[in-house]
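> Okay, so here is upload_14.txt, and as you'll see once you scroll down, it has compact mmCIF, C-alpha atoms and all ligand atoms.
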# COMPACT_ATOMS: atom_id res chain seq x y z
CA MET A 21 142.75 24.56 132.07
CA ARG A 22 142.68 28.25 132.99
CA LEU A 23 140.67 29.28 136.03
CA ILE A 24 139.95 32.25 138.26
CA PHE A 25 139.31 31.57 141.94
CA PHE A 26 137.08 34.37 143.05
CA GLY A 27 135.91 35.47 146.48
CA PRO A 28 136.61 37.74 149.44
CA PRO A 29 139.72 37.50 151.65
CA GLY A 30 139.57 34.33 153.76
CA ALA A 31 137.13 32.53 151.42
CA GLY A 32 139.50 29.56 150.93
CA LYS A 33 140.80 30.37 147.43
CA GLY A 34 144.44 29.82 148.36
CA THR A 35 143.83 26.50 150.12
CA GLN A 36 141.87 25.10 147.20
CA ALA A 37 144.29 26.50 144.59
CA LYS A 38 147.24 24.80 146.32
CA ARG A 39 145.37 21.48 146.27
CA LEU A 40 144.51 21.75 142.57
CA GLU A 41 148.10 22.71 141.82
CA GLU A 42 149.18 19.40 143.36
CA VAL A 43 146.50 17.15 141.88
CA ARG A 44 146.14 18.69 138.41
CA GLY A 45 149.47 20.39 137.75
CA LEU A 46 147.83 23.78 137.34
CA LYS A 47 150.06 26.67 138.44
CA GLN A 48 148.67 28.76 141.31
CA LEU A 49 149.21 32.45 140.54
CA SER A 50 148.54 34.28 143.82
CA THR A 51 149.12 37.99 143.34
CA GLY A 52 149.08 38.52 147.13
CA ASP A 53 151.91 35.95 147.52
CA MET A 54 153.85 37.55 144.66
CA LEU A 55 153.56 40.99 146.25
CA ARG A 56 154.60 39.62 149.67
CA ALA A 57 157.67 38.06 147.99
CA GLU A 58 158.50 41.47 146.46
CA ILE A 59 158.22 43.03 149.94
CA ALA A 60 160.45 40.34 151.44
CA ALA A 61 163.02 41.05 148.72
CA SER A 62 162.76 44.83 149.42
CA SER A 63 162.31 45.48 145.70
CA ASP A 64 160.95 48.80 144.41
CA ILE A 65 157.64 47.11 143.56
CA GLY A 66 157.50 45.63 147.08
CA LEU A 67 158.28 48.88 148.85
CA ASP A 68 155.60 50.69 146.87
CA ALA A 69 153.01 47.87 147.27
CA LYS A 70 153.47 47.62 151.05
CA SER A 71 151.96 51.06 151.68
CA TYR A 72 148.74 49.98 149.94
CA MET A 73 148.62 46.47 151.38
CA ASP A 74 149.09 47.57 154.99
CA LYS A 75 145.93 49.69 154.66
CA GLY A 76 143.94 47.02 152.84
CA GLU A 77 143.89 49.11 149.67
CA LEU A 78 144.53 47.76 146.18
CA VAL A 79 147.95 48.08 144.56
CA PRO A 80 147.68 50.02 141.24
CA ASP A 81 146.31 47.98 138.32
CA ALA A 82 149.35 48.49 136.05
CA VAL A 83 151.67 46.74 138.55
CA LEU A 84 149.44 43.67 138.77
CA VAL A 85 148.70 43.46 135.06
CA ALA A 86 152.42 43.50 134.20
CA MET A 87 153.09 40.83 136.84
CA ILE A 88 150.40 38.48 135.53
CA GLU A 89 151.26 38.99 131.87
CA HIS A 90 154.81 37.94 132.66
CA CYS A 91 153.69 34.84 134.62
CA ILE A 92 151.15 33.35 132.24
CA THR A 93 153.68 33.05 129.44
CA GLU A 94 156.17 31.12 131.62
CA PRO A 95 156.66 27.37 130.93
CA ASP A 96 155.23 26.37 134.35
CA CYS A 97 151.84 27.70 133.17
CA ALA A 98 151.84 25.50 130.06
CA HIS A 99 149.31 23.04 131.60
CA GLY A 100 147.15 25.91 132.78
CA PHE A 101 146.84 28.12 135.82
CA ILE A 102 144.63 29.27 138.65
CA LEU A 103 144.44 33.01 139.19
CA ASP A 104 144.10 33.53 142.94
CA GLY A 105 143.49 37.18 143.86
CA PHE A 106 143.50 38.52 140.29
CA PRO A 107 141.64 40.23 138.67
CA ARG A 108 140.28 42.49 141.41
CA THR A 109 138.99 45.41 139.32
CA ILE A 110 137.17 45.79 136.00
CA PRO A 111 140.27 47.34 134.33
CA GLN A 112 142.32 44.31 135.49
CA ALA A 113 139.66 41.95 134.06
CA LYS A 114 139.68 43.78 130.71
CA ALA A 115 143.48 43.71 130.58
CA LEU A 116 143.37 39.97 131.33
CA ASP A 117 140.85 39.39 128.53
CA ALA A 118 143.09 41.25 126.11
CA MET A 119 146.22 39.30 127.06
CA LEU A 120 144.45 35.92 126.94
CA GLU A 121 142.98 36.75 123.57
CA LYS A 122 146.42 37.76 122.30
CA HIS A 123 147.82 34.38 123.39
CA GLY A 124 144.74 32.41 122.21
CA THR A 125 144.23 30.98 125.71
CA PRO A 126 140.67 31.71 126.94
CA LEU A 127 139.45 31.18 130.51
CA ASP A 128 137.58 27.93 131.26
CA ALA A 129 135.74 28.99 134.42
CA ILE A 130 135.48 31.36 137.35
CA ILE A 131 134.94 29.48 140.61
CA GLU A 132 133.16 31.76 143.07
CA PHE A 133 133.65 30.89 146.77
CA GLN A 134 130.65 32.17 148.76
CA VAL A 135 131.33 32.78 152.48
CA ASP A 136 129.48 35.15 154.82
CA GLU A 137 131.29 38.05 156.49
CA GLU A 138 131.10 36.78 160.07
CA GLU A 139 132.86 33.59 159.01
CA LEU A 140 135.53 35.57 157.09
CA PHE A 141 136.42 37.52 160.26
CA ALA A 142 136.63 34.27 162.25
CA ARG A 143 138.88 32.66 159.63
CA VAL A 144 141.27 35.59 159.32
CA ARG A 145 141.51 35.74 163.14
CA ARG A 146 142.37 32.01 163.13
CA ARG A 147 144.87 32.42 160.29
CA ALA A 148 146.67 35.16 162.27
CA GLU A 149 146.76 33.02 165.45
CA ASP A 150 148.07 29.97 163.55
CA SER A 151 150.69 32.01 161.74
CA LEU A 152 151.91 33.54 165.01
CA LYS A 153 152.13 30.08 166.58
CA ASN A 154 153.86 28.44 163.59
CA THR A 155 156.12 31.17 162.24
CA GLY A 156 156.29 33.79 165.00
CA SER A 157 154.89 36.46 162.68
CA VAL A 158 151.55 37.57 161.23
CA ARG A 159 150.64 39.12 157.86
CA SER A 160 150.46 42.85 158.51
CA ASP A 161 147.00 43.02 156.85
CA ASP A 162 145.50 40.07 158.81
CA ASN A 163 143.89 42.13 161.55
CA GLU A 164 140.28 43.21 162.06
CA ASP A 165 140.64 46.90 161.11
CA VAL A 166 142.48 46.21 157.87
CA LEU A 167 140.17 43.28 157.08
CA LYS A 168 137.17 45.62 157.35
CA ASN A 169 138.73 47.81 154.67
CA ARG A 170 139.72 44.80 152.53
CA LEU A 171 136.08 43.69 152.59
CA LYS A 172 134.85 47.18 151.71
CA VAL A 173 137.29 47.30 148.78
CA TYR A 174 136.13 43.81 147.75
CA ASN A 175 132.47 44.85 147.79
CA ASP A 176 133.09 48.17 146.00
CA LEU A 177 135.67 47.21 143.36
CA THR A 178 135.91 43.42 143.05
CA ALA A 179 132.35 42.09 143.47
CA PRO A 180 131.26 44.01 140.29
CA LEU A 181 133.39 41.51 138.33
CA LEU A 182 130.82 38.80 139.00
CA PRO A 183 128.15 40.18 136.67
CA TYR A 184 130.95 40.85 134.14
CA TYR A 185 131.92 37.15 134.14
CA ARG A 186 128.33 35.90 134.56
CA ASP A 187 127.49 37.63 131.27
CA LYS A 188 130.19 35.49 129.68
CA GLY A 189 128.59 32.35 131.21
CA LEU A 190 131.75 31.43 133.10
CA VAL A 191 130.81 31.60 136.81
CA LYS A 192 130.34 28.48 138.93
CA ALA A 193 129.38 29.21 142.55
CA ILE A 194 130.55 27.01 145.44
CA ASN A 195 129.39 27.12 149.06
CA GLY A 196 132.68 28.04 150.77
CA MET A 197 131.11 27.70 154.23
CA ASN A 198 131.42 23.91 154.03
CA PRO A 199 134.38 21.96 155.47
CA VAL A 200 137.55 22.02 153.31
CA GLY A 201 137.04 18.46 152.00
CA GLN A 202 133.50 19.17 150.87
CA VAL A 203 134.58 22.40 149.17
CA ALA A 204 137.33 20.44 147.38
CA ALA A 205 134.76 17.89 146.16
CA ASP A 206 132.46 20.69 144.97
CA VAL A 207 135.33 22.34 143.08
CA ASP A 208 136.16 19.00 141.39
CA ASN A 209 132.51 18.59 140.52
CA ALA A 210 132.28 22.08 139.04
CA LEU A 211 135.34 21.35 136.87
CA SER A 212 134.31 17.85 135.83
CA GLY A 213 132.36 18.90 132.75
CA LEU A 214 135.09 21.18 131.39
P1 LIG B 301 145.63 38.64 149.13
O1 LIG B 301 146.78 37.86 149.63
O2 LIG B 301 145.07 38.15 147.82
O3 LIG B 301 144.55 38.84 150.18
O4 LIG B 301 146.19 40.11 148.79
C1 LIG B 301 146.79 40.92 149.80
C2 LIG B 301 146.88 42.35 149.32
O5 LIG B 301 147.69 42.43 148.15
C3 LIG B 301 145.55 43.00 148.91
O6 LIG B 301 144.83 43.52 150.02
C4 LIG B 301 146.05 44.11 147.98
O7 LIG B 301 146.61 45.19 148.72
C5 LIG B 301 147.20 43.42 147.25
N1 LIG B 301 146.74 42.75 146.02
C6 LIG B 301 146.74 41.41 145.78
N2 LIG B 301 146.23 41.14 144.56
C7 LIG B 301 145.89 42.34 144.03
C8 LIG B 301 145.29 42.75 142.81
N3 LIG B 301 144.91 41.85 141.87
N4 LIG B 301 145.09 44.08 142.60
C9 LIG B 301 145.47 45.00 143.51
N5 LIG B 301 146.02 44.69 144.70
C10 LIG B 301 146.23 43.37 144.96
Write the structure described by the file as structure tokens, please.
Ligand code: AMP


Amino acid sequence: MRLIFFGPPGAGKGTQAKRLEEVRGLKQLSTGDMLRAEIAASSDIGLDAKSYMDKGELVPDAVLVAMIEHCITEPDCAHGFILDGFPRTIPQAKALDAMLEKHGTPLDAIIEFQVDEEELFARVRRRAEDSLKNTGSVRSDDNEDVLKNRLKVYNDLTAPLLPYYRDKGLVKAINGMNPVGQVAADVDNALSGL
């Protein structure tokens, strides 16, 4: 099964993707995590990406498209995958369509996590506090100013993907305001007919 988890920063995509990875053997492909790993490794990609990420801007499409094309052909994606944080622009979505068509592996669904903005701010604030407590450090883009820009970028560049995928009949909306367990049950329900 090949899925996109779609929604603004803090909507719960990562939490739910990790759970599905465990229970269904689908590989979570989080482009944010991949870029953070590149930064930690001080690679050229990481050094370049950091300047965009620290401002809440998007990293150029070509970097992300190459990263995803490499991942989806790896053996650990053989049972399927969950795209978490990709695509984020119409050109990324079109590039994804082209690569999936080339490999004969179409998408099964786009799960849209709907969460209102006030709740997103509260969650990102909590995520930063928890991370500081547990690891002694915080993601450099998990602060209110950068989050404001990440949400603006989401609304301007990423939200337009919804009509694109709705036209293909692939979008299933979930109320991401519910407790984690309820959201998990709703995701399972949305996938049950596939
Ligand atoms: P995330 O962990 O998904 O919130 O992503 C963190 C940051 O990584 C984003 O604010 C972007 O700067 C960058 N990023 C992640 N995925 C993408 C993508 N598909 N396209 C462009 N930039 C991305």

> Range 104-195 of chain A near range 45-68 of chain A within 10 Å: what's each residue's closest atom pair and its distance in Å to one decimal, counting all atoms listed in the file, ordered by chain then ascending residue number, as JSON lines?


{"residue": "A:Asp104", "atom": "CA", "partner": "A:Ser50", "partner_atom": "CA", "distance": 4.6}
{"residue": "A:Gly105", "atom": "CA", "partner": "A:Thr51", "partner_atom": "CA", "distance": 5.7}
{"residue": "A:Phe106", "atom": "CA", "partner": "A:Thr51", "partner_atom": "CA", "distance": 6.4}
{"residue": "A:Pro107", "atom": "CA", "partner": "A:Thr51", "partner_atom": "CA", "distance": 9.1}
{"residue": "A:Arg159", "atom": "CA", "partner": "A:Arg56", "partner_atom": "CA", "distance": 9.1}

> What separation in Å, quoted to one decimal, exists between CA of Lys153 in chain A and atom O2 of ligand LIG 301 (chain B)?

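Computing it gives 21.6 Å between the two atoms.
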
> Can you tell me, as JSON, the centre and edge lengths (Å, one decimal) of the axis-aligned box enclosing all of ligand LIG 301 (chain B)'s listed atoms after padding each side by 8 Å?


{"center_x": 146.1, "center_y": 41.5, "center_z": 146.0, "size_x": 19.1, "size_y": 23.3, "size_z": 24.3}

> What does the list of residues within 10 Å of ligand LIG 301 (chain B) look like if you count only C-alpha atoms and all ligand atoms, written as a PyMOL selection string?

chain A and resi 27-31+33-34+50-56+69-85+87-88+103-109+112-113+159-162+166-167+169-171+173-174+177-178

> May I ask which of the residues A:Leu120, A:Gln134, A:Gln202, A:Leu190 is the closest one to Leu214 in chain A, counting only C-alpha atoms?

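For Leu214 in chain A, the nearest of the candidates is A:Leu190.
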
> Choose the residue, out of A:Ala205, A:Met197, A:Ile102, A:Leu40, that has the smallest atom-to-atom separation from Ala129 in chain A; count all atoms listed in the file.

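Counting all atoms listed in the file, the residue closest to Ala129 in chain A is A:Ile102.
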
> Could you check the closest approach to Asn195 in chain A for each of A:Glu132, A:Leu152, A:Phe141, A:Arg39 and tell me which residue wins, using only C-alpha atoms?

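That would be A:Glu132, the residue with the smallest distance to Asn195 in chain A.
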